[in-house]
Number of protein chains: 2
Amino acid sequence: MVTVHDVAARSGVSIATVSRTLRSPHRVSEETRDRVLAAVQDLGYQPNRAARGLRGGRTGVIALVVPDIENPYFSALTKGAQASARERGYGLVVVDTTERADVEAAEIQAVGPQIDGIILASSRLPDDQLAQTAAATTCVLVNRYDTTDGSLTPTVTIDEAVGAHAAIAHLYELGHRRLLYVGGPDRAWSQARRSKAIREAVASYPDLALEELSGFSPDAQGGRNAADAARAGGAQAVIAYNDLVALGLLARWSETGIRVPDDVSLVGFDNTYVAELSFPPLTSVGADLREFGETAVTLLLERIDAPEGAAERLRADPDAVEQLHREVPPRLVVRSSTAAPAR
Amino acid sequence: MVTVHDVAARSGVSIATVSRTLRSPHRVSEETRDRVLAAVQDLGYQPNRAARGLRGGRTGVIALVVPDIENPYFSALTKGAQASARERGYGLVVVDTTERADVEAAEIQAVGPQIDGIILASSRLPDDQLAQTAAATTCVLVNRYDTTDGSLTPTVTIDEAVGAHAAIAHLYELGHRRLLYVGGPDRAWSQARRSKAIREAVASYPDLALEELSGFSPDAQGGRNAADAARAGGAQAVIAYNDLVALGLLARWSETGIRVPDDVSLVGFDNTYVAELSFPPLTSVGADLREFGETAVTLLLERIDAPEGAAERLRADPDAVEQLHREVPPRLVVRSSTAAPAR
DNA sequence: ATGAAAGCGCTAACAT
DNA sequence: ATGTTAGCGCTTTCAT
């Protein structure tokens with residue numbers, strides 16, 4: 001292992017100068033700097049993160065906590081976060097909580113002291129625990145708000161209203177007037193928001209009817225379970241909680257001879273890559289998830305690098321508070337699971 | 001932050017005793033141990049990994065390097081590795097190389113010194129670079145061998161022969177006699193092995209005919225691209241390089257009115273969760289990928305914890321060398337994409 | 001502009 | 001069985 005001492009010896013300076021050259025180059029003469037950097041290069045010196053972390057209180061590592069890394073939504077998010085963290089010289093530790101709040105809490109506890117910050121994606125923690133975590137750690141929330149008054153926890157969310165309007169407008173223009181929303185688990189934070197956004201979007205069209213089913217697990221099995229009930233009401237178009245639910249609906253319908261989009265149009269949410277895997281490929285509403293992950297990392301690193309007392313300054317500045325919350329507008333991607341209703 | 005000093009003060013012992021209580025409990029009197037552990041509990045003490053790493057040369061972190069975390073194969077692998085690492089008190093840093101060998105090399109370089117070991121999954125490195133990396137770091141290879149003579153790099157692979165035989169036997173028993181294998185990229189390490197295993201399995205049936213197409217990208221697009229050519233030869237059953245390719249074939253065939261399994265049977269590889277997403281769901285051959293990830297972590301930690309000189313002892317013991325290489329037998333999971341050929 | 005030295009939290013000799 | 005202490009590699013005052 002190459003250390004500062006090796007570099008110092010090689011370039012004929014003290015270890016302090018080596019450190020300075022790397023951390024604050026302007027405080028070192030140009031001549032010395034060149035010599036040191038050359039030695040760094042020659043020796044392939046890599047500062048030891050553990051040592052740096054010990055001294056400076058920073059570890060150069062952040063954590064991303066997700067409910068299920070196998071879910072395409074979170075793997076896309078992880079991909080973006082990972083790339084962004086790497087680019088900025090941070091390591092990314094991934095924690096999969098297997099959808100369990102207790103595991104999530106335990107892991108935050110265990111990993112918290114060893115890292116510079118946490119990204120909590122679709123946290124399953126109850127509100128009070130979330131607020132407590134947000135207060136105790138440097139963290140960024142994805143797909144969830146800290147509902148505490150005056151909370152300064154940075155947040156990245158989807159603008160559900162934009163997404164819902166895009167989906168509803170698309171179906172309306174195709175000529176559908178009887179819609180059905182197949183929702184996710186009633187306890188899910190996104191389910192409440194998404195459902196509300198869809199109801200509001202529908203309400204802006206006086207001649208649109210909306211039914212709603214909910215309580216299905218947010219995966220393909222949930223869609224399969226919903227499939228028969230979803231056809232009972234005679235809706236012309238179905239909007240699913242997410243792409244996996246949509247694929248479940250599609251699979252079960254295919255078994256029973258119901259054709260998409262001939263018999264019923266189908267729209268998914270999140271626009272994950274699985275939307276392109278099915279036949280027909282799925283029309284879906286979603287933001288760029290990788291970008292989503294990148295944004296979360298950016299926000300977190302801003303937080304980490306913020307000088308002490310920045311929070312107080314923020315609290316005073318209402319504009320800055322807005323900066324903390326990024327609400328990303330999703331796009332509608334039309335594929336062939338939606339079409340005009342049969343006459 | 002709670003340190004050993006806080007725990008020591010609280011329990012009225014020295015910091016050394018605190019450390020001992022945690023590292024080697026048997027070297028501490030039972031009475032003291034209880035007192036220290038109580039203090040640890042009360043204060044919520046968490047040993048600082050950076051400090052421990054600095055002292056002992058261990059960081060408590062391992063890295064998993066994958067070509068693409070969004071690929072369901074690697075996200076399942078990651079899930080297993082993550083769970084296993086966490087269980088044993090290790091952090092897991094995930095690195096996504098976006099399928100690029102240069103990124104992979106650079107990341108191994110950057111991350112190597114800061115961690116205790118690396119799991120290289122489906123490495124895209126050329127043989128010589130891989131051998132060099134394997135020699136220079138504590139690492140475990142997944143889905144790839146270090147071809148160096150006498151290499152002691154632990155390896156986890158799929159037993160392709162078992163998988164191929166299972167798939168071919170299944171199709172044979174259904175009555176198919178004309179088969180087609182749609183292979184992946186010609187340069188891919190798995191493609192060569194899989195293709196060979198399939199040819200050998202087919203050869204054990206005198207009345208089986210096998211065609212082969214290859215060079216397709218290992219994703220749904222690759223499958224779509226292969227779809228038309230795959231029908232040209234008139235094969236009764238198609239075996240795809242992996243599930244994504246199979247889904248691509250399926251999607252394109254559905255567009256053109258070709259029905260699975262009525263017109264052609266279809267088998268995927270890897271048995272990822274996407275195999276269950278399609279209609280019809282995919283018959284697929286694969287090992288339990290989470291277990292695969294767990295095995296890799298186990299092997300790596302054994303390596304990390306191995307005392308100095310263990311390598312020499314290993315080299316002397318031919319049985320132990322076998323232990324280094326785990327070849328996992330996959331299972332065939334029959335779903336409805338395979339059926340007897342129409343008469 | 002540069003160097004000497006303290007110390008981050010921990011573990012492992014060494015001493016008692 | 002327990003305490004004292006050196007030192008891992010680094011950053012950061014404080015001197016010079």
# chains A, B, ... in the order shown; residues from 1 in each chain; ligands from 1
$ interface_residues --of "chain B" --to "chain D" --cutoff "12 Å" --atoms "only C-alpha atoms (C1' of nucleotides)" --output "list in words"
Ala8, Gly12, Val13, Ser14, Ile15, Ala16, Thr17, Val18, Ser19, Arg20, Thr21, Pro25, His26, Arg27, Val28, Ser29, Glu30, Glu31, Thr32, Arg33, Ala50, Ala51, Arg52, Gly53, Leu54, Arg55, Gly56, Gly57 and Arg58 of chain B
$ closest_atom_pairs --of "chain A" --to "chain B" --cutoff "9 Å" --atoms "only C-alpha atoms" --output "JSON lines"
{"residue": "A:Met1", "atom": "CA", "partner": "B:Pro113", "partner_atom": "CA", "distance": 7.7}
{"residue": "A:Gln46", "atom": "CA", "partner": "B:Pro113", "partner_atom": "CA", "distance": 7.5}
{"residue": "A:Pro47", "atom": "CA", "partner": "B:Pro113", "partner_atom": "CA", "distance": 8.9}
{"residue": "A:Asn48", "atom": "CA", "partner": "B:Gln114", "partner_atom": "CA", "distance": 6.5}
{"residue": "A:Arg49", "atom": "CA", "partner": "B:Gln114", "partner_atom": "CA", "distance": 6.3}
{"residue": "A:Ala50", "atom": "CA", "partner": "B:Ala50", "partner_atom": "CA", "distance": 4.4}
{"residue": "A:Ala51", "atom": "CA", "partner": "B:Leu54", "partner_atom": "CA", "distance": 6.0}
{"residue": "A:Arg52", "atom": "CA", "partner": "B:Ala50", "partner_atom": "CA", "distance": 8.6}
{"residue": "A:Gly53", "atom": "CA", "partner": "B:Ala50", "partner_atom": "CA", "distance": 6.4}
{"residue": "A:Leu54", "atom": "CA", "partner": "B:Ala50", "partner_atom": "CA", "distance": 5.8}
{"residue": "A:Thr59", "atom": "CA", "partner": "B:Ala50", "partner_atom": "CA", "distance": 7.4}
{"residue": "A:Val61", "atom": "CA", "partner": "B:Val93", "partner_atom": "CA", "distance": 8.9}
{"residue": "A:Ala63", "atom": "CA", "partner": "B:Val93", "partner_atom": "CA", "distance": 8.8}
{"residue": "A:Asp68", "atom": "CA", "partner": "B:Lys79", "partner_atom": "CA", "distance": 7.9}
{"residue": "A:Ile69", "atom": "CA", "partner": "B:Ser75", "partner_atom": "CA", "distance": 6.2}
{"residue": "A:Glu70", "atom": "CA", "partner": "B:Ser75", "partner_atom": "CA", "distance": 5.1}
{"residue": "A:Asn71", "atom": "CA", "partner": "B:Ser75", "partner_atom": "CA", "distance": 8.4}
{"residue": "A:Pro72", "atom": "CA", "partner": "B:Glu70", "partner_atom": "CA", "distance": 6.7}
{"residue": "A:Phe74", "atom": "CA", "partner": "B:Glu70", "partner_atom": "CA", "distance": 8.7}
{"residue": "A:Ser75", "atom": "CA", "partner": "B:Glu70", "partner_atom": "CA", "distance": 5.1}
{"residue": "A:Ala76", "atom": "CA", "partner": "B:Glu70", "partner_atom": "CA", "distance": 5.8}
{"residue": "A:Thr78", "atom": "CA", "partner": "B:Ile69", "partner_atom": "CA", "distance": 7.7}
{"residue": "A:Lys79", "atom": "CA", "partner": "B:Ile69", "partner_atom": "CA", "distance": 6.3}
{"residue": "A:Gln82", "atom": "CA", "partner": "B:Val95", "partner_atom": "CA", "distance": 6.9}
{"residue": "A:Ala83", "atom": "CA", "partner": "B:Asp96", "partner_atom": "CA", "distance": 7.4}
{"residue": "A:Arg86", "atom": "CA", "partner": "B:Val95", "partner_atom": "CA", "distance": 8.3}
{"residue": "A:Gly91", "atom": "CA", "partner": "B:Val93", "partner_atom": "CA", "distance": 6.6}
{"residue": "A:Leu92", "atom": "CA", "partner": "B:Val93", "partner_atom": "CA", "distance": 5.5}
{"residue": "A:Val93", "atom": "CA", "partner": "B:Val93", "partner_atom": "CA", "distance": 4.3}
{"residue": "A:Val94", "atom": "CA", "partner": "B:Val93", "partner_atom": "CA", "distance": 6.3}
{"residue": "A:Val95", "atom": "CA", "partner": "B:Gln82", "partner_atom": "CA", "distance": 6.9}
{"residue": "A:Asp96", "atom": "CA", "partner": "B:Lys79", "partner_atom": "CA", "distance": 6.9}
{"residue": "A:Thr97", "atom": "CA", "partner": "B:Ala83", "partner_atom": "CA", "distance": 8.8}
{"residue": "A:Thr98", "atom": "CA", "partner": "B:Lys79", "partner_atom": "CA", "distance": 9.0}
{"residue": "A:Glu107", "atom": "CA", "partner": "B:Arg86", "partner_atom": "CA", "distance": 8.8}
{"residue": "A:Gln109", "atom": "CA", "partner": "B:Gln46", "partner_atom": "CA", "distance": 9.0}
{"residue": "A:Ala110", "atom": "CA", "partner": "B:Gln46", "partner_atom": "CA", "distance": 7.3}
{"residue": "A:Val111", "atom": "CA", "partner": "B:Gly91", "partner_atom": "CA", "distance": 8.1}
{"residue": "A:Pro113", "atom": "CA", "partner": "B:Asn48", "partner_atom": "CA", "distance": 7.3}
{"residue": "A:Gln114", "atom": "CA", "partner": "B:Arg49", "partner_atom": "CA", "distance": 6.3}
{"residue": "A:Ala220", "atom": "CA", "partner": "B:Leu277", "partner_atom": "CA", "distance": 6.7}
{"residue": "A:Leu244", "atom": "CA", "partner": "B:Leu277", "partner_atom": "CA", "distance": 7.9}
{"residue": "A:Leu247", "atom": "CA", "partner": "B:Leu277", "partner_atom": "CA", "distance": 6.4}
{"residue": "A:Gly248", "atom": "CA", "partner": "B:Leu277", "partner_atom": "CA", "distance": 6.8}
{"residue": "A:Leu250", "atom": "CA", "partner": "B:Phe279", "partner_atom": "CA", "distance": 7.9}
{"residue": "A:Ala251", "atom": "CA", "partner": "B:Phe279", "partner_atom": "CA", "distance": 5.0}
{"residue": "A:Arg252", "atom": "CA", "partner": "B:Phe279", "partner_atom": "CA", "distance": 8.0}
{"residue": "A:Ser254", "atom": "CA", "partner": "B:Phe279", "partner_atom": "CA", "distance": 6.6}
{"residue": "A:Glu255", "atom": "CA", "partner": "B:Phe279", "partner_atom": "CA", "distance": 7.5}
{"residue": "A:Tyr273", "atom": "CA", "partner": "B:Glu70", "partner_atom": "CA", "distance": 8.6}
{"residue": "A:Val274", "atom": "CA", "partner": "B:Val274", "partner_atom": "CA", "distance": 8.0}
{"residue": "A:Glu276", "atom": "CA", "partner": "B:Ala220", "partner_atom": "CA", "distance": 8.4}
{"residue": "A:Leu277", "atom": "CA", "partner": "B:Leu247", "partner_atom": "CA", "distance": 6.4}
{"residue": "A:Ser278", "atom": "CA", "partner": "B:Ala251", "partner_atom": "CA", "distance": 6.2}
{"residue": "A:Phe279", "atom": "CA", "partner": "B:Ala251", "partner_atom": "CA", "distance": 5.0}
{"residue": "A:Pro280", "atom": "CA", "partner": "B:Ala251", "partner_atom": "CA", "distance": 7.3}
{"residue": "A:Pro281", "atom": "CA", "partner": "B:Ala251", "partner_atom": "CA", "distance": 8.2}
$ atom_distance --atom1 "atom CA of A:His325" --atom2 "atom CA of A:Arg144"
10.7 Å
$ residues_around --residues "B:Gln236" --least-positions-apart "6" --cutoff "9 Å" --atoms "only C-alpha atoms (C1' of nucleotides)" --output "list in words"
His176, Arg177, Arg178, Leu179, Leu180, Asp263, Val264, Ser265, Leu266 and Pro341 of chain B
$ write_last_selection --atoms "all heavy atoms" --output "JSON list (two decimals), in the first residue's frame"
[["chain", "number", "residue", "atom", "x", "y", "z"],
["B", 176, "HIS", "N", -40.28, -32.96, -29.45],
["B", 176, "HIS", "CA", -39.59, -32.12, -30.44],
["B", 176, "HIS", "C", -38.32, -32.80, -30.93],
["B", 176, "HIS", "O", -37.60, -33.42, -30.16],
["B", 176, "HIS", "CB", -39.24, -30.77, -29.80],
["B", 176, "HIS", "CG", -40.43, -29.99, -29.37],
["B", 176, "HIS", "ND1", -41.29, -29.38, -30.25],
["B", 176, "HIS", "CD2", -40.94, -29.73, -28.13],
["B", 176, "HIS", "CE1", -42.26, -28.78, -29.59],
["B", 176, "HIS", "NE2", -42.08, -28.98, -28.30],
["B", 177, "ARG", "N", -38.07, -32.69, -32.24],
["B", 177, "ARG", "CA", -36.87, -33.31, -32.79],
["B", 177, "ARG", "C", -36.01, -32.29, -33.56],
["B", 177, "ARG", "O", -34.86, -32.55, -33.86],
["B", 177, "ARG", "CB", -37.25, -34.46, -33.75],
["B", 177, "ARG", "CG", -37.91, -35.66, -33.02],
["B", 177, "ARG", "CD", -36.93, -36.35, -32.06],
["B", 177, "ARG", "NE", -37.56, -37.46, -31.34],
["B", 177, "ARG", "CZ", -38.20, -37.33, -30.18],
["B", 177, "ARG", "NH1", -38.31, -36.13, -29.60],
["B", 177, "ARG", "NH2", -38.73, -38.37, -29.58],
["B", 178, "ARG", "N", -36.60, -31.16, -33.88],
["B", 178, "ARG", "CA", -35.83, -30.13, -34.60],
["B", 178, "ARG", "C", -35.71, -28.90, -33.70],
["B", 178, "ARG", "O", -36.69, -28.18, -33.49],
["B", 178, "ARG", "CB", -36.52, -29.78, -35.91],
["B", 178, "ARG", "CG", -36.71, -31.00, -36.81],
["B", 178, "ARG", "CD", -37.38, -30.62, -38.10],
["B", 178, "ARG", "NE", -36.62, -29.59, -38.80],
["B", 178, "ARG", "CZ", -37.10, -28.92, -39.86],
["B", 178, "ARG", "NH1", -38.34, -29.15, -40.29],
["B", 178, "ARG", "NH2", -36.37, -28.00, -40.45],
["B", 179, "LEU", "N", -34.52, -28.68, -33.22],
["B", 179, "LEU", "CA", -34.31, -27.60, -32.25],
["B", 179, "LEU", "C", -33.47, -26.47, -32.83],
["B", 179, "LEU", "O", -32.69, -26.68, -33.77],
["B", 179, "LEU", "CB", -33.61, -28.14, -31.01],
["B", 179, "LEU", "CG", -34.19, -29.41, -30.38],
["B", 179, "LEU", "CD1", -33.41, -29.77, -29.12],
["B", 179, "LEU", "CD2", -35.67, -29.22, -30.07],
["B", 180, "LEU", "N", -33.63, -25.30, -32.25],
["B", 180, "LEU", "CA", -32.80, -24.15, -32.64],
["B", 180, "LEU", "C", -32.32, -23.44, -31.38],
["B", 180, "LEU", "O", -33.10, -23.19, -30.47],
["B", 180, "LEU", "CB", -33.63, -23.17, -33.49],
["B", 180, "LEU", "CG", -32.98, -21.80, -33.73],
["B", 180, "LEU", "CD1", -31.75, -21.93, -34.62],
["B", 180, "LEU", "CD2", -33.99, -20.83, -34.34],
["B", 263, "ASP", "N", -47.32, -22.94, -32.00],
["B", 263, "ASP", "CA", -46.52, -23.03, -33.23],
["B", 263, "ASP", "C", -45.07, -23.40, -32.96],
["B", 263, "ASP", "O", -44.41, -24.04, -33.76],
["B", 263, "ASP", "CB", -46.58, -21.70, -33.98],
["B", 263, "ASP", "CG", -48.00, -21.33, -34.37],
["B", 263, "ASP", "OD1", -48.77, -22.25, -34.72],
["B", 263, "ASP", "OD2", -48.35, -20.14, -34.31],
["B", 264, "VAL", "N", -44.60, -22.96, -31.82],
["B", 264, "VAL", "CA", -43.20, -23.22, -31.48],
["B", 264, "VAL", "C", -43.04, -23.16, -29.96],
["B", 264, "VAL", "O", -43.67, -22.33, -29.30],
["B", 264, "VAL", "CB", -42.26, -22.21, -32.19],
["B", 264, "VAL", "CG1", -42.60, -20.78, -31.83],
["B", 264, "VAL", "CG2", -40.80, -22.50, -31.90],
["B", 265, "SER", "N", -42.26, -24.09, -29.43],
["B", 265, "SER", "CA", -41.98, -24.05, -28.00],
["B", 265, "SER", "C", -40.77, -23.16, -27.75],
["B", 265, "SER", "O", -39.93, -22.97, -28.64],
["B", 265, "SER", "CB", -41.70, -25.47, -27.48],
["B", 265, "SER", "OG", -42.91, -26.16, -27.29],
["B", 266, "LEU", "N", -40.70, -22.62, -26.56],
["B", 266, "LEU", "CA", -39.64, -21.65, -26.26],
["B", 266, "LEU", "C", -39.09, -21.88, -24.86],
["B", 266, "LEU", "O", -39.85, -22.00, -23.89],
["B", 266, "LEU", "CB", -40.22, -20.23, -26.38],
["B", 266, "LEU", "CG", -39.28, -19.05, -26.15],
["B", 266, "LEU", "CD1", -38.13, -19.05, -27.14],
["B", 266, "LEU", "CD2", -40.06, -17.73, -26.26],
["B", 341, "PRO", "N", -45.35, -30.68, -29.76],
["B", 341, "PRO", "CA", -45.56, -30.05, -31.07],
["B", 341, "PRO", "C", -46.93, -30.42, -31.62],
["B", 341, "PRO", "O", -47.46, -31.50, -31.33],
["B", 341, "PRO", "CB", -44.44, -30.66, -31.93],
["B", 341, "PRO", "CG", -44.04, -31.91, -31.24],
["B", 341, "PRO", "CD", -44.31, -31.72, -29.79]]
$ interface_residues --of "chain C" --to "chain B" --cutoff "9 Å" --atoms "only C-alpha atoms (C1' of nucleotides)" --output "number ranges by chain"
C: 8-11
$ write_last_selection --atoms "N, CA and C atoms (P, O5', C5', C4', C3', O3' and C1' of nucleotides)" --output "compact mmCIF listing (two decimals), in the first residue's frame"
# COMPACT_ATOMS: atom_id res chain seq x y z
P DC C 8 -8.79 12.93 19.41
O5' DC C 8 -9.90 12.40 18.39
C5' DC C 8 -10.49 13.21 17.38
C4' DC C 8 -10.72 12.35 16.16
C3' DC C 8 -11.14 10.92 16.49
O3' DC C 8 -12.57 10.85 16.46
C1' DC C 8 -9.45 10.99 14.75
P DG C 9 -13.33 10.32 17.73
O5' DG C 9 -13.17 8.75 17.58
C5' DG C 9 -13.79 8.10 16.48
C4' DG C 9 -13.34 6.66 16.44
C3' DG C 9 -13.59 5.87 17.73
O3' DG C 9 -14.29 4.70 17.38
C1' DG C 9 -11.32 5.66 17.05
P DC C 10 -14.52 3.52 18.36
O5' DC C 10 -13.28 2.60 18.03
C5' DC C 10 -13.23 1.95 16.76
C4' DC C 10 -11.88 1.29 16.58
C3' DC C 10 -11.64 0.11 17.48
O3' DC C 10 -11.87 -1.08 16.75
C1' DC C 10 -9.71 1.53 17.28
P DT C 11 -11.90 -2.46 17.54
O5' DT C 11 -10.36 -2.89 17.50
C5' DT C 11 -9.77 -3.12 16.23
C4' DT C 11 -8.30 -3.44 16.40
C3' DT C 11 -8.00 -4.69 17.21
O3' DT C 11 -6.97 -5.37 16.49
C1' DT C 11 -6.84 -2.85 18.12
$ residues_around --residues "B:Asp270" --least-positions-apart "2" --cutoff "8 Å" --atoms "only C-alpha atoms (C1' of nucleotides)" --output "mmCIF file with all heavy atoms, in the first residue's frame"
data_model
loop_
_atom_site.group_PDB
_atom_site.id
_atom_site.type_symbol
_atom_site.label_atom_id
_atom_site.label_comp_id
_atom_site.auth_asym_id
_atom_site.auth_seq_id
_atom_site.Cartn_x
_atom_site.Cartn_y
_atom_site.Cartn_z
ATOM 1 N N TYR B 73 -30.837 -10.552 -14.080
ATOM 2 C CA TYR B 73 -29.867 -11.538 -13.637
ATOM 3 C C TYR B 73 -28.982 -10.953 -12.540
ATOM 4 O O TYR B 73 -28.791 -11.550 -11.483
ATOM 5 C CB TYR B 73 -29.008 -11.967 -14.831
ATOM 6 C CG TYR B 73 -28.044 -13.077 -14.528
ATOM 7 C CD1 TYR B 73 -28.418 -14.392 -14.691
ATOM 8 C CD2 TYR B 73 -26.755 -12.796 -14.089
ATOM 9 C CE1 TYR B 73 -27.539 -15.425 -14.414
ATOM 10 C CE2 TYR B 73 -25.868 -13.816 -13.805
ATOM 11 C CZ TYR B 73 -26.269 -15.126 -13.972
ATOM 12 O OH TYR B 73 -25.392 -16.141 -13.697
ATOM 13 N N ASN B 242 -30.898 -16.304 -23.139
ATOM 14 C CA ASN B 242 -31.374 -16.011 -21.780
ATOM 15 C C ASN B 242 -32.845 -15.590 -21.839
ATOM 16 O O ASN B 242 -33.450 -15.551 -22.918
ATOM 17 C CB ASN B 242 -30.495 -14.955 -21.103
ATOM 18 C CG ASN B 242 -30.593 -13.587 -21.746
ATOM 19 O OD1 ASN B 242 -31.535 -13.295 -22.473
ATOM 20 N ND2 ASN B 242 -29.603 -12.752 -21.496
ATOM 21 N N ASP B 243 -33.401 -15.272 -20.699
ATOM 22 C CA ASP B 243 -34.826 -14.953 -20.646
ATOM 23 C C ASP B 243 -35.184 -13.698 -21.439
ATOM 24 O O ASP B 243 -36.243 -13.623 -22.063
ATOM 25 C CB ASP B 243 -35.260 -14.759 -19.192
ATOM 26 C CG ASP B 243 -35.185 -16.050 -18.398
ATOM 27 O OD1 ASP B 243 -35.259 -17.125 -19.005
ATOM 28 O OD2 ASP B 243 -35.051 -15.970 -17.155
ATOM 29 N N GLY B 268 -36.152 -20.401 -22.077
ATOM 30 C CA GLY B 268 -35.179 -19.365 -21.736
ATOM 31 C C GLY B 268 -34.094 -19.913 -20.827
ATOM 32 O O GLY B 268 -34.135 -21.069 -20.399
ATOM 33 N N THR B 272 -34.841 -15.870 -14.529
ATOM 34 C CA THR B 272 -35.012 -14.609 -13.804
ATOM 35 C C THR B 272 -36.496 -14.334 -13.634
ATOM 36 O O THR B 272 -37.327 -15.019 -14.235
ATOM 37 C CB THR B 272 -34.373 -13.451 -14.591
ATOM 38 O OG1 THR B 272 -34.906 -13.466 -15.911
ATOM 39 C CG2 THR B 272 -32.865 -13.607 -14.648
ATOM 40 N N SER B 284 -37.880 -22.036 -18.186
ATOM 41 C CA SER B 284 -36.519 -21.498 -18.135
ATOM 42 C C SER B 284 -35.608 -22.364 -17.265
ATOM 43 O O SER B 284 -36.061 -23.042 -16.344
ATOM 44 C CB SER B 284 -36.560 -20.073 -17.599
ATOM 45 O OG SER B 284 -35.293 -19.478 -17.673
ATOM 46 N N VAL B 285 -34.337 -22.343 -17.576
ATOM 47 C CA VAL B 285 -33.348 -23.120 -16.848
ATOM 48 C C VAL B 285 -32.446 -22.179 -16.072
ATOM 49 O O VAL B 285 -31.823 -21.308 -16.658
ATOM 50 C CB VAL B 285 -32.444 -23.901 -17.819
ATOM 51 C CG1 VAL B 285 -31.400 -24.682 -17.049
ATOM 52 C CG2 VAL B 285 -33.262 -24.804 -18.704
ATOM 53 N N GLY B 286 -32.378 -22.352 -14.771
ATOM 54 C CA GLY B 286 -31.476 -21.477 -14.037
ATOM 55 C C GLY B 286 -31.279 -21.929 -12.614
ATOM 56 O O GLY B 286 -32.055 -22.705 -12.073
ATOM 57 N N ALA B 287 -30.219 -21.416 -12.024
ATOM 58 C CA ALA B 287 -29.963 -21.675 -10.611
ATOM 59 C C ALA B 287 -30.668 -20.591 -9.802
ATOM 60 O O ALA B 287 -31.138 -19.609 -10.349
ATOM 61 C CB ALA B 287 -28.471 -21.647 -10.341
#
$ residues_around --residues "A:Ser151" --least-positions-apart "2" --cutoff "12 Å" --atoms "only C-alpha atoms (C1' of nucleotides)" --output "PyMOL selection string"
chain A and resi 130-135+139-141+145-149+153-155+311-312+314-315+321-322+324-325
$ atom_distance --atom1 "atom CA of B:Pro218" --atom2 "atom CA of B:Ala235"
20.8 Å
$ atom_distance --atom1 "atom CA of A:Glu302" --atom2 "atom CA of A:Asp317"
16.6 Å
$ select_by_dssp --residues "stretch 81-324 of chain A" --states "strand (DSSP E)" --output "number ranges by chain"
A: 91-96, 117-121, 139-142, 155-158, 178-182, 209-213, 237-240, 265-269, 283-286
$ select_by_dssp --residues "stretch 117-267 of chain B" --states "helix (DSSP H, G or I)" --output "ChimeraX atom specification"
/B:127-136,160-174,189-203,220-232,243-255
$ write_last_selection --atoms "C-alpha atoms" --output "compact mmCIF listing (two decimals), in the first residue's frame"
# COMPACT_ATOMS: atom_id res chain seq x y z
CA ASP B 127 -8.20 -12.83 -19.84
CA ASP B 128 -4.81 -11.32 -19.06
CA GLN B 129 -6.22 -8.33 -17.21
CA LEU B 130 -8.55 -10.58 -15.30
CA ALA B 131 -5.68 -12.83 -14.27
CA GLN B 132 -3.69 -9.83 -13.17
CA THR B 133 -6.60 -8.46 -11.13
CA ALA B 134 -7.22 -11.84 -9.57
CA ALA B 135 -3.59 -12.07 -8.56
CA ALA B 136 -3.43 -8.56 -7.15
CA GLU B 160 -24.06 -25.56 -18.03
CA ALA B 161 -24.03 -29.24 -18.90
CA VAL B 162 -26.70 -30.00 -16.32
CA GLY B 163 -28.85 -27.10 -17.49
CA ALA B 164 -28.51 -27.93 -21.15
CA HIS B 165 -29.36 -31.59 -20.56
CA ALA B 166 -32.43 -30.67 -18.57
CA ALA B 167 -33.71 -28.36 -21.28
CA ILE B 168 -32.99 -30.74 -24.13
CA ALA B 169 -34.44 -33.75 -22.31
CA HIS B 170 -37.62 -31.79 -21.61
CA LEU B 171 -38.05 -30.81 -25.23
CA TYR B 172 -37.21 -34.31 -26.41
CA GLU B 173 -39.78 -35.85 -24.13
CA LEU B 174 -42.41 -33.45 -25.39
CA TRP B 189 -17.93 -16.09 -22.11
CA SER B 190 -21.28 -17.69 -21.23
CA GLN B 191 -22.32 -17.88 -24.84
CA ALA B 192 -19.40 -20.13 -25.70
CA ARG B 193 -20.05 -22.42 -22.74
CA ARG B 194 -23.79 -22.54 -23.15
CA SER B 195 -23.59 -23.21 -26.86
CA LYS B 196 -21.12 -26.02 -26.31
CA ALA B 197 -23.21 -27.57 -23.56
CA ILE B 198 -26.30 -27.52 -25.74
CA ARG B 199 -24.50 -29.11 -28.67
CA GLU B 200 -23.22 -31.86 -26.42
CA ALA B 201 -26.61 -32.47 -24.87
CA VAL B 202 -28.20 -32.72 -28.31
CA ALA B 203 -25.48 -35.11 -29.45
CA ALA B 220 -35.00 -8.25 -25.56
CA GLN B 221 -33.85 -6.30 -28.59
CA GLY B 222 -31.52 -9.12 -29.46
CA GLY B 223 -34.47 -11.48 -29.33
CA ARG B 224 -36.59 -9.26 -31.55
CA ASN B 225 -33.76 -9.07 -34.05
CA ALA B 226 -33.45 -12.83 -34.10
CA ALA B 227 -37.16 -13.57 -34.33
CA ASP B 228 -37.67 -13.71 -38.08
CA ALA B 229 -34.54 -15.71 -38.82
CA ALA B 230 -35.42 -18.04 -35.98
CA ARG B 231 -38.63 -19.04 -37.74
CA ALA B 232 -37.02 -19.53 -41.12
CA ASP B 243 -34.83 -14.95 -20.65
CA LEU B 244 -34.61 -11.47 -22.10
CA VAL B 245 -33.78 -12.82 -25.54
CA ALA B 246 -36.66 -15.27 -25.16
CA LEU B 247 -39.04 -12.44 -24.33
CA GLY B 248 -37.84 -10.51 -27.35
CA LEU B 249 -38.54 -13.51 -29.57
CA LEU B 250 -41.93 -13.92 -27.96
CA ALA B 251 -42.89 -10.27 -28.42
CA ARG B 252 -41.89 -10.18 -32.06
CA TRP B 253 -43.60 -13.49 -32.79
CA SER B 254 -46.77 -12.27 -31.13
CA GLU B 255 -46.76 -9.31 -33.51
